[in-house]
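*Asks:* upload-v4.txt (compact mmCIF, C-alpha atoms and all ligand atoms) pasted underneath:
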```txt
# COMPACT_ATOMS: atom_id res chain seq x y z
CA MET A 26 0.00 0.00 0.00
CA GLU A 27 1.13 3.57 -0.62
CA GLN A 28 -0.25 4.60 2.73
CA VAL A 29 -1.83 2.96 5.75
CA ILE A 30 -3.85 4.70 8.45
CA GLU A 31 -4.50 2.72 11.60
CA GLY A 32 -6.88 3.43 14.43
CA ASN A 33 -10.38 2.90 15.74
CA ALA A 34 -12.38 3.36 12.53
CA LEU A 35 -16.10 3.41 11.83
CA VAL A 36 -16.51 0.76 9.14
CA GLU A 37 -19.89 -0.72 8.13
CA ASN A 38 -21.50 1.09 11.06
CA LYS A 39 -19.19 -0.51 13.62
CA LEU A 40 -16.09 0.75 15.36
CA CYS A 41 -13.14 -1.54 14.79
CA LYS A 42 -9.41 -1.41 15.34
CA CYS A 43 -8.18 -1.68 11.79
CA SER A 44 -5.88 -0.46 9.05
CA ILE A 45 -7.09 1.55 6.10
CA GLY A 46 -4.94 1.08 3.00
CA ILE A 47 -4.85 3.98 0.55
CA GLU A 48 -3.77 4.00 -3.10
CA ASP A 49 -4.18 6.97 -5.46
CA GLY A 50 -6.21 8.89 -2.90
CA LYS A 51 -8.81 6.12 -2.60
CA ILE A 52 -9.48 3.53 0.06
CA ALA A 53 -8.01 0.35 -1.44
CA GLN A 54 -8.28 -2.11 1.44
CA ILE A 55 -9.53 -2.31 5.02
CA LYS A 56 -7.93 -5.04 7.13
CA LYS A 57 -6.79 -5.80 10.64
CA ILE A 58 -3.15 -5.37 9.60
CA LEU A 59 -1.77 -3.76 6.46
CA HIS A 60 1.70 -2.61 5.51
CA GLY A 61 2.39 0.62 3.70
CA LYS A 62 5.24 2.81 2.53
CA LYS A 63 3.77 5.52 4.75
CA HIS A 64 2.15 4.42 7.99
CA PHE A 65 0.18 6.48 10.51
CA ASN A 66 -0.88 4.81 13.73
CA TYR A 67 -3.54 6.76 15.59
CA GLN A 68 -3.93 4.11 18.32
CA GLU A 69 -7.31 4.40 20.07
CA ASN A 70 -8.25 7.63 18.28
CA LEU A 71 -11.44 7.61 16.27
CA ILE A 72 -11.24 7.60 12.48
CA LEU A 73 -14.41 8.78 10.75
CA PRO A 74 -15.34 9.74 7.22
CA ALA A 75 -14.86 13.49 6.78
CA ALA A 76 -18.03 15.57 6.59
CA ILE A 77 -19.61 16.82 3.36
CA ASP A 78 -21.30 20.22 3.56
CA VAL A 79 -23.79 20.56 0.70
CA HIS A 80 -24.65 24.20 1.45
CA VAL A 81 -22.11 27.01 1.82
CA HIS A 82 -21.81 30.58 0.56
CA PHE A 83 -18.09 31.25 0.03
CA ARG A 84 -18.77 34.71 -1.49
CA ASP A 85 -16.20 34.38 -4.25
CA PRO A 86 -16.28 36.28 -6.55
CA GLY A 87 -17.61 39.64 -5.50
CA MET A 88 -17.92 39.64 -1.72
CA THR A 89 -14.52 38.43 -0.65
CA ARG A 90 -14.49 40.82 2.30
CA LYS A 91 -16.90 38.31 3.93
CA GLU A 92 -15.14 35.10 2.82
CA ASP A 93 -13.22 33.83 -0.18
CA PHE A 94 -12.72 30.39 -1.61
CA TYR A 95 -9.35 29.96 0.11
CA THR A 96 -10.44 31.05 3.60
CA GLY A 97 -13.74 29.19 3.26
CA THR A 98 -12.23 25.87 2.21
CA LYS A 99 -9.44 26.20 4.77
CA ALA A 100 -12.03 26.78 7.50
CA ALA A 101 -13.91 23.74 6.17
CA ALA A 102 -10.74 21.62 6.50
CA HIS A 103 -10.24 22.73 10.12
CA GLY A 104 -13.82 21.70 10.81
CA GLY A 105 -13.33 18.22 9.30
CA VAL A 106 -15.22 18.97 6.06
CA SER A 107 -13.49 17.54 2.99
CA CYS A 108 -16.05 18.59 0.40
CA ILE A 109 -18.39 21.56 0.07
CA LEU A 110 -21.02 22.66 -2.43
CA ASP A 111 -20.97 26.41 -3.08
CA MET A 112 -24.14 28.43 -3.60
CA PRO A 113 -24.70 30.68 -6.66
CA ASN A 114 -25.51 34.06 -5.04
CA THR A 115 -22.05 35.48 -5.62
CA ASN A 116 -21.31 38.60 -7.67
CA PRO A 117 -21.62 37.90 -10.52
CA PRO A 118 -24.13 35.16 -9.68
CA THR A 119 -23.50 31.65 -11.03
CA ILE A 120 -26.40 31.71 -13.48
CA ASN A 121 -24.77 31.43 -16.90
CA GLN A 122 -21.86 29.68 -18.55
CA ASP A 123 -19.57 32.73 -18.44
CA PHE A 124 -20.11 33.35 -14.77
CA LEU A 125 -19.76 29.66 -13.98
CA ASP A 126 -16.45 29.56 -15.86
CA LYS A 127 -15.35 32.71 -14.08
CA LYS A 128 -16.06 31.10 -10.70
CA ILE A 129 -14.24 27.92 -11.73
CA ARG A 130 -11.11 29.90 -12.67
CA ILE A 131 -11.08 31.33 -9.13
CA THR A 132 -11.92 28.15 -7.25
CA GLU A 133 -9.28 26.12 -9.11
CA LYS A 134 -6.59 28.37 -7.72
CA LYS A 135 -7.96 28.66 -4.19
CA ALA A 136 -9.73 25.47 -3.06
CA CYS A 137 -8.07 23.48 -0.27
CA VAL A 138 -10.82 20.83 -0.09
CA ASP A 139 -12.94 19.30 -2.84
CA TYR A 140 -15.98 21.18 -4.00
CA GLY A 141 -18.94 21.35 -6.31
CA ILE A 142 -20.68 24.43 -7.64
CA TYR A 143 -24.41 25.13 -7.73
CA ALA A 144 -25.87 26.89 -10.74
CA GLY A 145 -28.76 29.18 -9.84
CA ILE A 146 -31.94 28.87 -11.90
CA THR A 147 -33.67 32.01 -13.17
CA LYS A 148 -36.60 32.44 -15.55
CA ASP A 149 -34.10 33.25 -18.31
CA ASN A 150 -31.71 30.32 -18.02
CA ILE A 151 -34.06 27.31 -17.88
CA LYS A 152 -33.18 26.52 -21.50
CA HIS A 153 -29.46 26.48 -20.62
CA ILE A 154 -29.82 23.91 -17.83
CA PRO A 155 -28.46 21.00 -19.95
CA ARG A 156 -25.29 22.95 -20.78
CA LEU A 157 -24.80 24.31 -17.25
CA SER A 158 -25.16 20.78 -15.88
CA LYS A 159 -21.85 19.77 -17.48
CA LYS A 160 -19.84 21.84 -15.03
CA CYS A 161 -22.09 22.35 -12.01
CA LYS A 162 -22.76 19.76 -9.32
CA ALA A 163 -26.38 20.70 -8.60
CA PHE A 164 -28.98 23.41 -9.19
CA LYS A 165 -30.46 25.91 -6.77
CA ILE A 166 -33.80 27.65 -6.76
CA TYR A 167 -34.34 30.58 -4.47
CA LEU A 168 -38.04 31.37 -4.03
CA PRO A 169 -37.94 34.64 -2.03
CA LYS A 170 -37.47 37.68 -4.30
CA THR A 171 -34.98 39.44 -2.05
CA GLN A 172 -31.92 38.12 -3.89
CA GLN A 173 -30.75 38.72 -7.44
CA VAL A 174 -30.96 34.95 -8.10
CA SER A 175 -34.64 34.41 -7.40
CA PHE A 176 -37.26 32.30 -9.13
CA SER A 177 -41.03 32.36 -9.35
CA SER A 178 -42.84 29.32 -7.96
CA THR A 179 -45.18 29.36 -10.98
CA LEU A 180 -42.25 28.18 -13.12
CA LEU A 181 -41.32 25.30 -10.81
CA PRO A 182 -42.72 22.55 -13.10
CA GLN A 183 -40.53 23.74 -16.01
CA ALA A 184 -37.39 23.87 -13.87
CA ILE A 185 -38.11 20.46 -12.34
CA THR A 186 -38.58 18.93 -15.81
CA ALA A 187 -35.33 20.42 -17.10
CA VAL A 188 -33.21 19.44 -14.09
CA GLU A 189 -34.72 15.94 -13.99
CA LYS A 190 -33.19 15.24 -17.41
CA THR A 191 -29.70 16.13 -16.16
CA LYS A 192 -30.04 13.61 -13.27
CA LYS A 193 -28.74 16.31 -10.93
CA ILE A 194 -30.29 17.39 -7.69
CA LEU A 195 -32.41 20.54 -7.44
CA ALA A 196 -32.01 22.30 -4.10
CA ILE A 197 -34.72 24.76 -3.11
CA HIS A 198 -34.86 27.57 -0.58
CA ALA A 199 -38.48 27.09 0.43
CA GLU A 200 -40.03 30.35 1.65
CA ASP A 201 -42.96 31.51 -0.46
CA ASP A 202 -42.59 35.02 -1.79
CA THR A 203 -46.30 35.90 -1.96
CA CYS A 204 -46.63 34.89 1.68
CA LEU A 205 -43.53 36.91 2.66
CA GLN A 206 -44.99 39.98 0.92
CA GLU A 207 -48.00 39.89 3.24
CA HIS A 208 -45.78 40.86 6.15
CA THR A 209 -44.00 44.08 7.10
CA LYS A 210 -40.49 44.44 5.79
CA LYS A 211 -38.45 45.68 8.74
CA ALA A 212 -38.04 43.97 12.06
CA PRO A 213 -36.25 45.60 15.01
CA ASP A 214 -35.21 42.35 16.71
CA LEU A 215 -34.94 38.57 16.39
CA TYR A 216 -38.37 37.95 17.84
CA SER A 217 -40.15 40.16 15.31
CA TYR A 218 -37.95 38.86 12.49
CA ALA A 219 -39.30 35.36 13.12
CA PHE A 220 -42.80 36.69 12.63
CA ILE A 221 -42.27 38.70 9.44
CA ARG A 222 -41.06 35.42 7.88
CA PRO A 223 -43.41 32.98 9.65
CA PRO A 224 -43.37 29.15 9.32
CA LYS A 225 -46.51 29.51 7.23
CA CYS A 226 -44.42 30.90 4.34
CA GLU A 227 -42.20 27.83 4.50
CA LYS A 228 -45.24 25.57 4.53
CA VAL A 229 -46.88 27.36 1.57
CA ALA A 230 -43.67 27.02 -0.47
CA LEU A 231 -43.43 23.31 0.34
CA THR A 232 -47.02 22.70 -0.68
CA LYS A 233 -46.32 24.34 -4.05
CA ILE A 234 -43.12 22.33 -4.53
CA ILE A 235 -44.85 19.05 -3.74
CA LYS A 236 -47.66 19.88 -6.15
CA SER A 237 -45.16 20.73 -8.92
CA LEU A 238 -43.35 17.45 -8.30
CA LYS A 239 -46.38 15.34 -9.22
CA ASN A 240 -45.49 12.80 -11.94
CA HIS A 241 -41.79 13.66 -11.71
CA GLN A 242 -38.93 11.47 -10.58
CA GLY A 243 -36.36 14.28 -10.34
CA ARG A 244 -34.51 14.62 -7.05
CA ILE A 245 -35.40 17.65 -4.94
CA HIS A 246 -33.51 18.78 -1.87
CA ILE A 247 -35.28 21.09 0.58
CA CYS A 248 -32.64 23.34 2.12
CA HIS A 249 -32.55 24.33 5.79
CA LEU A 250 -35.99 23.28 7.05
CA SER A 251 -36.74 25.47 10.05
CA SER A 252 -40.17 24.75 11.53
CA ARG A 253 -42.57 22.08 12.75
CA GLN A 254 -45.20 23.31 10.31
CA ALA A 255 -42.84 22.80 7.39
CA LEU A 256 -41.84 19.36 8.63
CA GLN A 257 -45.48 18.31 8.74
CA ALA A 258 -46.14 19.63 5.23
CA ILE A 259 -43.86 17.01 3.66
CA PRO A 260 -45.55 13.62 3.15
CA LYS A 261 -43.71 10.76 4.88
CA SER A 262 -43.35 8.76 1.68
CA SER A 263 -41.60 11.20 -0.65
CA PRO A 264 -38.73 9.14 -2.08
CA ASN A 265 -37.45 11.89 -4.36
CA ILE A 266 -37.41 14.62 -1.69
CA SER A 267 -34.55 14.97 0.76
CA ILE A 268 -34.50 17.41 3.66
CA GLY A 269 -31.62 19.34 5.18
CA VAL A 270 -31.41 21.11 8.52
CA THR A 271 -28.78 23.57 9.74
CA PRO A 272 -26.96 23.53 13.09
CA HIS A 273 -28.44 26.96 13.89
CA HIS A 274 -32.02 25.75 13.45
CA LEU A 275 -31.20 22.84 15.77
CA PHE A 276 -29.19 24.67 18.44
CA LEU A 277 -30.39 28.29 18.44
CA ASN A 278 -33.76 29.99 18.76
CA TYR A 279 -35.05 33.56 18.71
CA CYS A 280 -34.57 33.87 22.47
CA SER A 281 -30.93 32.73 22.37
CA HIS A 282 -28.39 35.26 23.57
CA PHE A 283 -26.13 36.75 20.89
CA LYS A 284 -23.21 39.09 21.52
CA VAL A 285 -24.63 41.20 18.69
CA PRO A 286 -28.34 40.57 17.97
CA GLY A 287 -27.68 40.68 14.21
CA TYR A 288 -25.59 37.50 14.57
CA GLY A 289 -28.84 35.57 15.01
CA LYS A 290 -30.51 37.02 11.91
CA VAL A 291 -30.81 34.40 9.20
CA ASN A 292 -33.19 33.09 6.52
CA PRO A 293 -35.29 31.17 7.29
CA PRO A 294 -35.36 32.81 10.74
CA LEU A 295 -34.55 31.13 14.01
CA ARG A 296 -37.78 29.79 15.50
CA GLU A 297 -38.82 28.74 19.00
CA GLN A 298 -37.23 26.00 21.11
CA LYS A 299 -40.12 23.64 20.30
CA ASP A 300 -39.12 23.81 16.64
CA CYS A 301 -35.48 23.05 17.50
CA ASP A 302 -36.62 20.03 19.52
CA ALA A 303 -38.87 18.71 16.74
CA LEU A 304 -36.17 19.18 14.11
CA PHE A 305 -33.58 17.48 16.31
CA GLN A 306 -35.88 14.52 16.82
CA ALA A 307 -36.57 14.33 13.07
CA MET A 308 -32.83 14.49 12.33
CA LYS A 309 -32.15 11.79 14.89
CA THR A 310 -34.83 9.41 13.68
CA GLY A 311 -34.47 9.83 9.92
CA ALA A 312 -37.30 12.15 8.85
CA ILE A 313 -34.57 14.71 8.12
CA ASP A 314 -31.84 13.34 5.87
CA LEU A 315 -28.81 15.51 6.40
CA VAL A 316 -27.22 18.46 8.13
CA GLU A 317 -25.91 21.39 6.05
CA SER A 318 -24.28 24.48 7.52
CA ASP A 319 -25.72 27.17 5.19
CA HIS A 320 -22.43 28.91 6.01
CA ALA A 321 -23.46 32.49 5.14
CA PRO A 322 -20.87 34.87 6.58
CA HIS A 323 -21.22 38.65 6.76
CA THR A 324 -18.79 41.13 8.29
CA LYS A 325 -19.15 42.26 11.91
CA SER A 326 -19.93 45.82 10.84
CA GLU A 327 -22.69 44.66 8.48
CA LYS A 328 -24.28 42.79 11.38
CA ASN A 329 -24.18 45.76 13.77
CA SER A 330 -27.57 47.32 13.13
CA PHE A 331 -30.27 44.66 13.41
CA PRO A 332 -32.88 46.12 11.04
CA ASP A 333 -30.32 46.56 8.24
CA ALA A 334 -28.17 43.51 8.93
CA PRO A 335 -28.02 41.01 6.05
CA PRO A 336 -29.28 37.54 7.06
CA GLY A 337 -26.78 34.72 7.42
CA ILE A 338 -24.77 32.76 10.00
CA PRO A 339 -21.34 31.19 9.42
CA GLY A 340 -21.02 27.50 10.28
CA VAL A 341 -18.87 25.35 7.98
CA GLU A 342 -16.09 25.06 10.57
CA THR A 343 -18.25 24.36 13.61
CA THR A 344 -20.80 21.78 12.38
CA LEU A 345 -18.80 18.57 12.89
CA PRO A 346 -17.12 19.83 16.11
CA LEU A 347 -20.53 20.67 17.67
CA PHE A 348 -21.92 17.30 16.60
CA LEU A 349 -18.91 15.37 17.95
CA TRP A 350 -19.58 17.01 21.30
CA LEU A 351 -23.26 15.93 21.14
CA VAL A 352 -22.06 12.38 20.50
CA LYS A 353 -19.68 12.53 23.44
CA LYS A 354 -22.56 13.67 25.66
CA ASP A 355 -24.76 10.80 24.39
CA HIS A 356 -27.30 13.10 22.76
CA LEU A 357 -26.81 11.42 19.38
CA PRO A 358 -25.43 8.04 18.36
CA LEU A 359 -22.08 8.26 16.53
CA GLN A 360 -23.53 6.26 13.62
CA ARG A 361 -26.36 8.73 13.12
CA MET A 362 -23.97 11.66 13.21
CA VAL A 363 -21.91 10.07 10.44
CA GLU A 364 -25.08 9.42 8.44
CA VAL A 365 -26.33 13.01 8.54
CA LEU A 366 -22.94 14.70 8.09
CA SER A 367 -21.14 12.35 5.71
CA LYS A 368 -22.97 9.31 4.33
CA LYS A 369 -26.29 10.80 3.30
CA PRO A 370 -24.83 13.94 1.71
CA GLY A 371 -22.49 11.64 -0.24
CA GLU A 372 -25.26 9.27 -1.35
CA LEU A 373 -27.88 11.88 -2.17
CA PHE A 374 -25.54 14.23 -4.05
CA ASN A 375 -23.70 11.37 -5.73
CA ILE A 376 -20.28 12.14 -4.25
CA ASN A 377 -17.75 9.33 -3.89
CA LYS A 378 -17.03 10.22 -0.29
CA GLY A 379 -18.70 10.10 3.10
CA ASP A 380 -18.09 6.47 4.07
CA ILE A 381 -15.04 4.44 4.99
CA LYS A 382 -15.34 1.78 2.34
CA VAL A 383 -13.22 0.38 -0.45
CA GLY A 384 -13.38 2.51 -3.59
CA HIS A 385 -14.33 5.70 -1.80
CA ASP A 386 -12.06 8.75 -1.59
CA ALA A 387 -9.82 8.55 1.46
CA ASP A 388 -11.37 11.60 3.15
CA LEU A 389 -10.93 11.00 6.85
CA VAL A 390 -11.03 12.85 10.15
CA ILE A 391 -9.25 11.71 13.27
CA THR A 392 -10.22 12.79 16.75
CA ASP A 393 -9.12 12.09 20.32
CA PHE A 394 -12.58 13.24 21.53
CA LYS A 395 -11.12 15.92 23.80
CA GLU A 396 -13.50 18.83 24.15
CA GLU A 397 -12.54 22.48 24.06
CA LYS A 398 -14.31 25.83 23.96
CA ILE A 399 -14.73 27.36 20.54
CA LYS A 400 -12.33 30.30 20.38
CA HIS A 401 -10.23 30.97 17.34
CA LEU A 402 -11.81 30.01 14.01
CA HIS A 403 -10.35 30.29 10.53
CA GLN A 404 -13.27 31.75 8.58
CA LYS A 405 -12.79 35.34 7.45
CA CYS A 406 -15.75 37.09 9.12
CA GLY A 407 -14.23 36.85 12.61
CA TRP A 408 -17.37 35.92 14.56
CA SER A 409 -19.51 32.90 15.31
CA PRO A 410 -22.69 32.48 17.35
CA TYR A 411 -21.01 29.40 18.86
CA GLN A 412 -18.08 31.30 20.37
CA GLY A 413 -17.39 29.86 23.83
CA LYS A 414 -19.55 26.74 23.21
CA LYS A 415 -18.05 23.30 23.81
CA ALA A 416 -16.92 21.35 20.76
CA ILE A 417 -14.51 18.66 19.59
CA PHE A 418 -12.27 19.53 16.66
CA PRO A 419 -10.53 16.81 14.66
CA HIS A 420 -6.73 16.95 15.06
CA THR A 421 -6.06 15.38 11.66
CA VAL A 422 -7.93 15.58 8.36
CA PHE A 423 -7.18 13.82 5.09
CA VAL A 424 -8.56 14.74 1.66
CA ARG A 425 -8.02 11.98 -0.91
CA GLY A 426 -5.22 10.57 1.23
CA THR A 427 -3.43 13.92 1.59
CA LYS A 428 -3.14 15.43 5.05
CA VAL A 429 -4.66 18.89 5.14
CA ILE A 430 -4.86 19.27 8.92
CA ASP A 431 -2.15 17.91 11.20
CA GLU A 432 -2.21 18.52 14.98
CA LYS A 433 -4.93 21.10 14.28
CA GLU A 434 -2.61 23.05 11.96
CA PHE A 435 -3.37 23.58 8.29
CA VAL A 436 -0.83 21.69 6.17
CA GLY A 437 -2.82 21.58 2.92
CA GLU A 438 -2.24 23.59 -0.18
CA LYS A 439 -4.12 26.33 -1.93
CA GLY A 440 -5.49 24.89 -5.16
CA MET A 441 -5.34 21.20 -4.13
CA GLY A 442 -9.13 20.92 -3.91
CA LYS A 443 -10.71 19.16 -6.90
CA ARG A 444 -13.98 20.17 -8.49
CA ILE A 445 -16.63 17.48 -8.69
CA THR A 446 -19.53 17.50 -11.11
C1 LIG B 501 -28.02 33.75 2.61
C2 LIG B 501 -26.75 34.52 2.26
O1 LIG B 501 -26.31 35.36 3.05
O2 LIG B 501 -26.19 34.27 1.20
N1 LIG B 501 -28.44 34.09 3.92
C3 LIG B 501 -29.16 33.32 4.76
O3 LIG B 501 -29.64 33.86 5.75
N2 LIG B 501 -29.33 32.03 4.56
C4 LIG B 501 -29.02 34.08 1.59
C5 LIG B 501 -30.42 33.82 1.98
O4 LIG B 501 -30.81 32.65 2.00
O5 LIG B 501 -31.16 34.77 2.22
ZN ZN B 502 -27.98 29.40 1.84
```
Translate the structure described by the file into structure tokens.

*Replies:*
Amino acid sequence: MEQVIEGNALVENKLCKCSIGIEDGKIAQIKKILHGKKHFNYQENLILPAAIDVHVHFRDPGMTRKEDFYTGTKAAAHGGVSCILDMPNTNPPTINQDFLDKKIRITEKKACVDYGIYAGITKDNIKHIPRLSKKCKAFKIYLPKTQQVSFSSTLLPQAITAVEKTKKILAIHAEDDTCLQEHTKKAPDLYSYAFIRPPKCEKVALTKIIKSLKNHQGRIHICHLSSRQALQAIPKSSPNISIGVTPHHLFLNYCSHFKVPGYGKVNPPLREQKDCDALFQAMKTGAIDLVESDHAPHTKSEKNSFPDAPPGIPGVETTLPLFLWLVKKDHLPLQRMVEVLSKKPGELFNINKGDIKVGHDADLVITDFKEEKIKHLHQKCGWSPYQGKKAIFPHTVFVRGTKVIDEKEFVGEKGMGKRIT
């Protein structure tokens, strides 16, 4: 073997002391004992598949004061994420071939972990979906009209039909615009913000999506579900719909304390604790398929005035560490954590990662399970709502067999991340 990594690994849903043999960046063999040119023995430390984050906003190009593709992917690596999917609301937005190529030229130079790119769907580019699908990993529809990349729900059937033919996944931000319009625009605080974008708007959007999906087999992913009402609006037997939830909708609510109130402003809004509990239960038991960070950083100064603050919470670096802590405290079985952070995102988005099995990319995280308080993070925005919270960071991270984090230090390389389609 070129390389062997030994430790207490999660293989076929069981922890076992074993050796993982790696050739050409892929897992080639898993055995009790293997010999390799390079050999790392992590003793009793846990070896898990690295996380896959299917929802981040790395702001490159156009808003690199908030984040860029280098800082974003480096932060991902520190948080044990070996693959991210980047959202299209950059400047210019990823909605045509030129802008997609422009983004690719940037990401190729800067990515430190693997990545895929979402193409945003607009009323004008539906006809270009087949061509865009050659270079993007998935498509995104944004139903609220507050962003330049938005889409009218009346056109959903056309978009679904077009994306279905590409066999790619269509991710949807499900808040209904007509419903949002019925409410006042400005909210002075987190509590009122939750009510100008009520759960009803999420539910209305979901009802429209489900109706548009009739007689279609295309795969739809509902991004960041935030409320009990929305959860109930999705029929139990919907094989072509997957559901994501964010750490902030699980761990934070509109009464949570934030150093700056604007840090808690996000779309969909933070709800009440009962919603967090219901979502957590659904995530634990399988009604929710995966966890995505919706890493949406903004600068501290932008977040200062609540009414004007742009919505968005950073999270790519803290998701796995917060979840490892939950596992340590017995709030979630280790196997389920790996399912929602690694396996399911890999399976649903057709990424050859997310599980320690032969043939998969050797994307691994290694942890000694020692908890610490979240202090210094590597994302550019310089703040996190989880500052001071307990978490467990991996000390070592491999991407396709290459170490990118070693003793919690970044040892990867700018530009080593590969684009997946
Ligand atoms: C997103 C962002 O900042 O890009 N923010 C967020 O709160 N999720 C965009 C958006 O969904 O409004
Ligand atoms: Zn988002």

*Asks:* Let me see if you get this right: every residue at most 12 Å from ligand ZN 502 (chain B), counting only C-alpha atoms and all ligand atoms, written as an MDAnalysis selection string.

*Replies:* chainID A and resid 78:84 110:115 143 145 165:169 172 174 196:199 247:250 269:271 291:293 317:322 336:341

*Asks:* Restricting the calculation to only C-alpha atoms, which member of A:Asp85, A:Glu69, A:Glu432, A:Glu397 is positioned closest to Ile129 in chain A?

*Replies:*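 Using only C-alpha atoms, the shortest distance to Ile129 in chain A belongs to A:Asp85.
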
*Asks:* Show me the residues close to (-12.4, 17.6, 22.2) - anything with an atom within 7 Å, counting only C-alpha atoms - and format the list as a list in words.

*Replies:*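 Residues close enough to count: Asp393, Phe394, Lys395, Glu396, Glu397, Ala416, Ile417 and Phe418 of chain A.
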
*Asks:* Between A:Asn377, A:Thr324, A:Gln122, A:Thr147, single out the one closest to Cys406 in chain A, counting only C-alpha atoms.

*Replies:*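 So, comparing all the options, the nearest one is A:Thr324.
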
*Asks:* Using only C-alpha atoms, determine which residues lie at most 12 Å from range 207-209 of chain A, disregarding the query and same-chain residues fewer than 5 positions distant; provide the list as a CSV table (one decimal) with C-alpha atoms, keeping the file's coordinate frame.

*Replies:*
```csv
chain,number,residue,atom,x,y,z
A,201,ASP,CA,-43.0,31.5,-0.5
A,202,ASP,CA,-42.6,35.0,-1.8
A,217,SER,CA,-40.2,40.2,15.3
A,218,TYR,CA,-38.0,38.9,12.5
A,219,ALA,CA,-39.3,35.4,13.1
A,220,PHE,CA,-42.8,36.7,12.6
A,221,ILE,CA,-42.3,38.7,9.4
A,222,ARG,CA,-41.1,35.4,7.9
A,223,PRO,CA,-43.4,33.0,9.6
A,225,LYS,CA,-46.5,29.5,7.2
A,226,CYS,CA,-44.4,30.9,4.3
A,332,PRO,CA,-32.9,46.1,11.0
```

*Asks:* Between A:Thr344, A:Thr179, A:Ser251, A:Asn70, which residue has the minimum interatomic distance to ligand LIG 501 (chain B), considering all atoms listed in the file?

*Replies:*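 The closest residue to ligand LIG 501 (chain B) is A:Ser251.
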
*Asks:* Return the single residue from A:Lys170, A:Lys159, A:Lys414, A:Lys57 that is closest to ligand LIG 501 (chain B), with distances computed using all atoms listed in the file.

*Replies:*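 The closest residue to ligand LIG 501 (chain B) is A:Lys170.
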
*Asks:* Which residues are close to His403 in chain A, i.e. within 10 Å by all atoms listed in the file, leaving aside same-chain residues fewer than 4 positions away? Reply as a ChimeraX atom specification.

*Replies:* /A:96-104,342,407-408,435

*Asks:* Restrict the selected residues to C-alpha atoms and save them as a PDB file, in the coordinates of the input.

*Replies:*
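Resulting contents of again.pdb:
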```pdb
ATOM      1  CA  THR A  96     -10.440  31.050   3.600  1.00  0.00           C
ATOM      2  CA  GLY A  97     -13.740  29.190   3.260  1.00  0.00           C
ATOM      3  CA  THR A  98     -12.230  25.870   2.210  1.00  0.00           C
ATOM      4  CA  LYS A  99      -9.440  26.200   4.770  1.00  0.00           C
ATOM      5  CA  ALA A 100     -12.030  26.780   7.500  1.00  0.00           C
ATOM      6  CA  ALA A 101     -13.910  23.740   6.170  1.00  0.00           C
ATOM      7  CA  ALA A 102     -10.740  21.620   6.500  1.00  0.00           C
ATOM      8  CA  HIS A 103     -10.240  22.730  10.120  1.00  0.00           C
ATOM      9  CA  GLY A 104     -13.820  21.700  10.810  1.00  0.00           C
ATOM     10  CA  GLU A 342     -16.090  25.060  10.570  1.00  0.00           C
ATOM     11  CA  GLY A 407     -14.230  36.850  12.610  1.00  0.00           C
ATOM     12  CA  TRP A 408     -17.370  35.920  14.560  1.00  0.00           C
ATOM     13  CA  PHE A 435      -3.370  23.580   8.290  1.00  0.00           C
TER      14      PHE A 435
END
```

*Asks:* Leaving out range 378-386 of chain A and any residue of its chain fewer than 6 positions from it, which residues lie within 12 Å of it when counting all atoms listed in the file, given as a PyMOL selection string?

*Replies:* chain A and resi 30+33-41+43-56+72-79+105-109+139-140+315+360+362-372+423-427+443+445

*Asks:* Considering all atoms listed in the file, state which residue in the set A:Lys398, A:Arg244, A:Lys135, A:Lys328 is at the smallest distance from Lys193 in chain A.

*Replies:* A:Arg244

*Asks:* Between CA of Gly32 in chain A and CA of His60 in chain A, what is the distance, to one decimal in Å?

*Replies:*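 If I compute the distance from CA of Gly32 in chain A to CA of His60 in chain A, I get 13.8 Å.
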
*Asks:* Do you have the CA of Leu351 in chain A-CA of Pro272 in chain A distance handy?

*Replies:*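 Between CA of Leu351 in chain A and CA of Pro272 in chain A the gap is 11.7 Å.
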
*Asks:* Find the spatial neighbours of Leu180 in chain A, counting all atoms listed in the file, within a cut-off of 12 Å - ignore same-chain residues fewer than 5 positions away - and output them as JSON, numbers by chain.

*Replies:* {"A": [146, 147, 148, 149, 150, 151, 166, 167, 168, 175, 185, 186, 187, 233, 234, 237, 238]}

*Asks:* Pick the closest to Thr343 in chain A from A:Lys415, A:Lys162, A:His282, A:His356: which is it, counting all atoms listed in the file?

*Replies:*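 Using all atoms listed in the file, the shortest distance to Thr343 in chain A belongs to A:Lys415.
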
*Asks:* Can you tell me which residues surround Gly61 in chain A at a distance of at most 6 Å, considering all atoms listed in the file, apart from same-chain residues fewer than 2 positions away, and format the answer as an NGL selection string?

*Replies:* :A and (26-29 or 63-64)
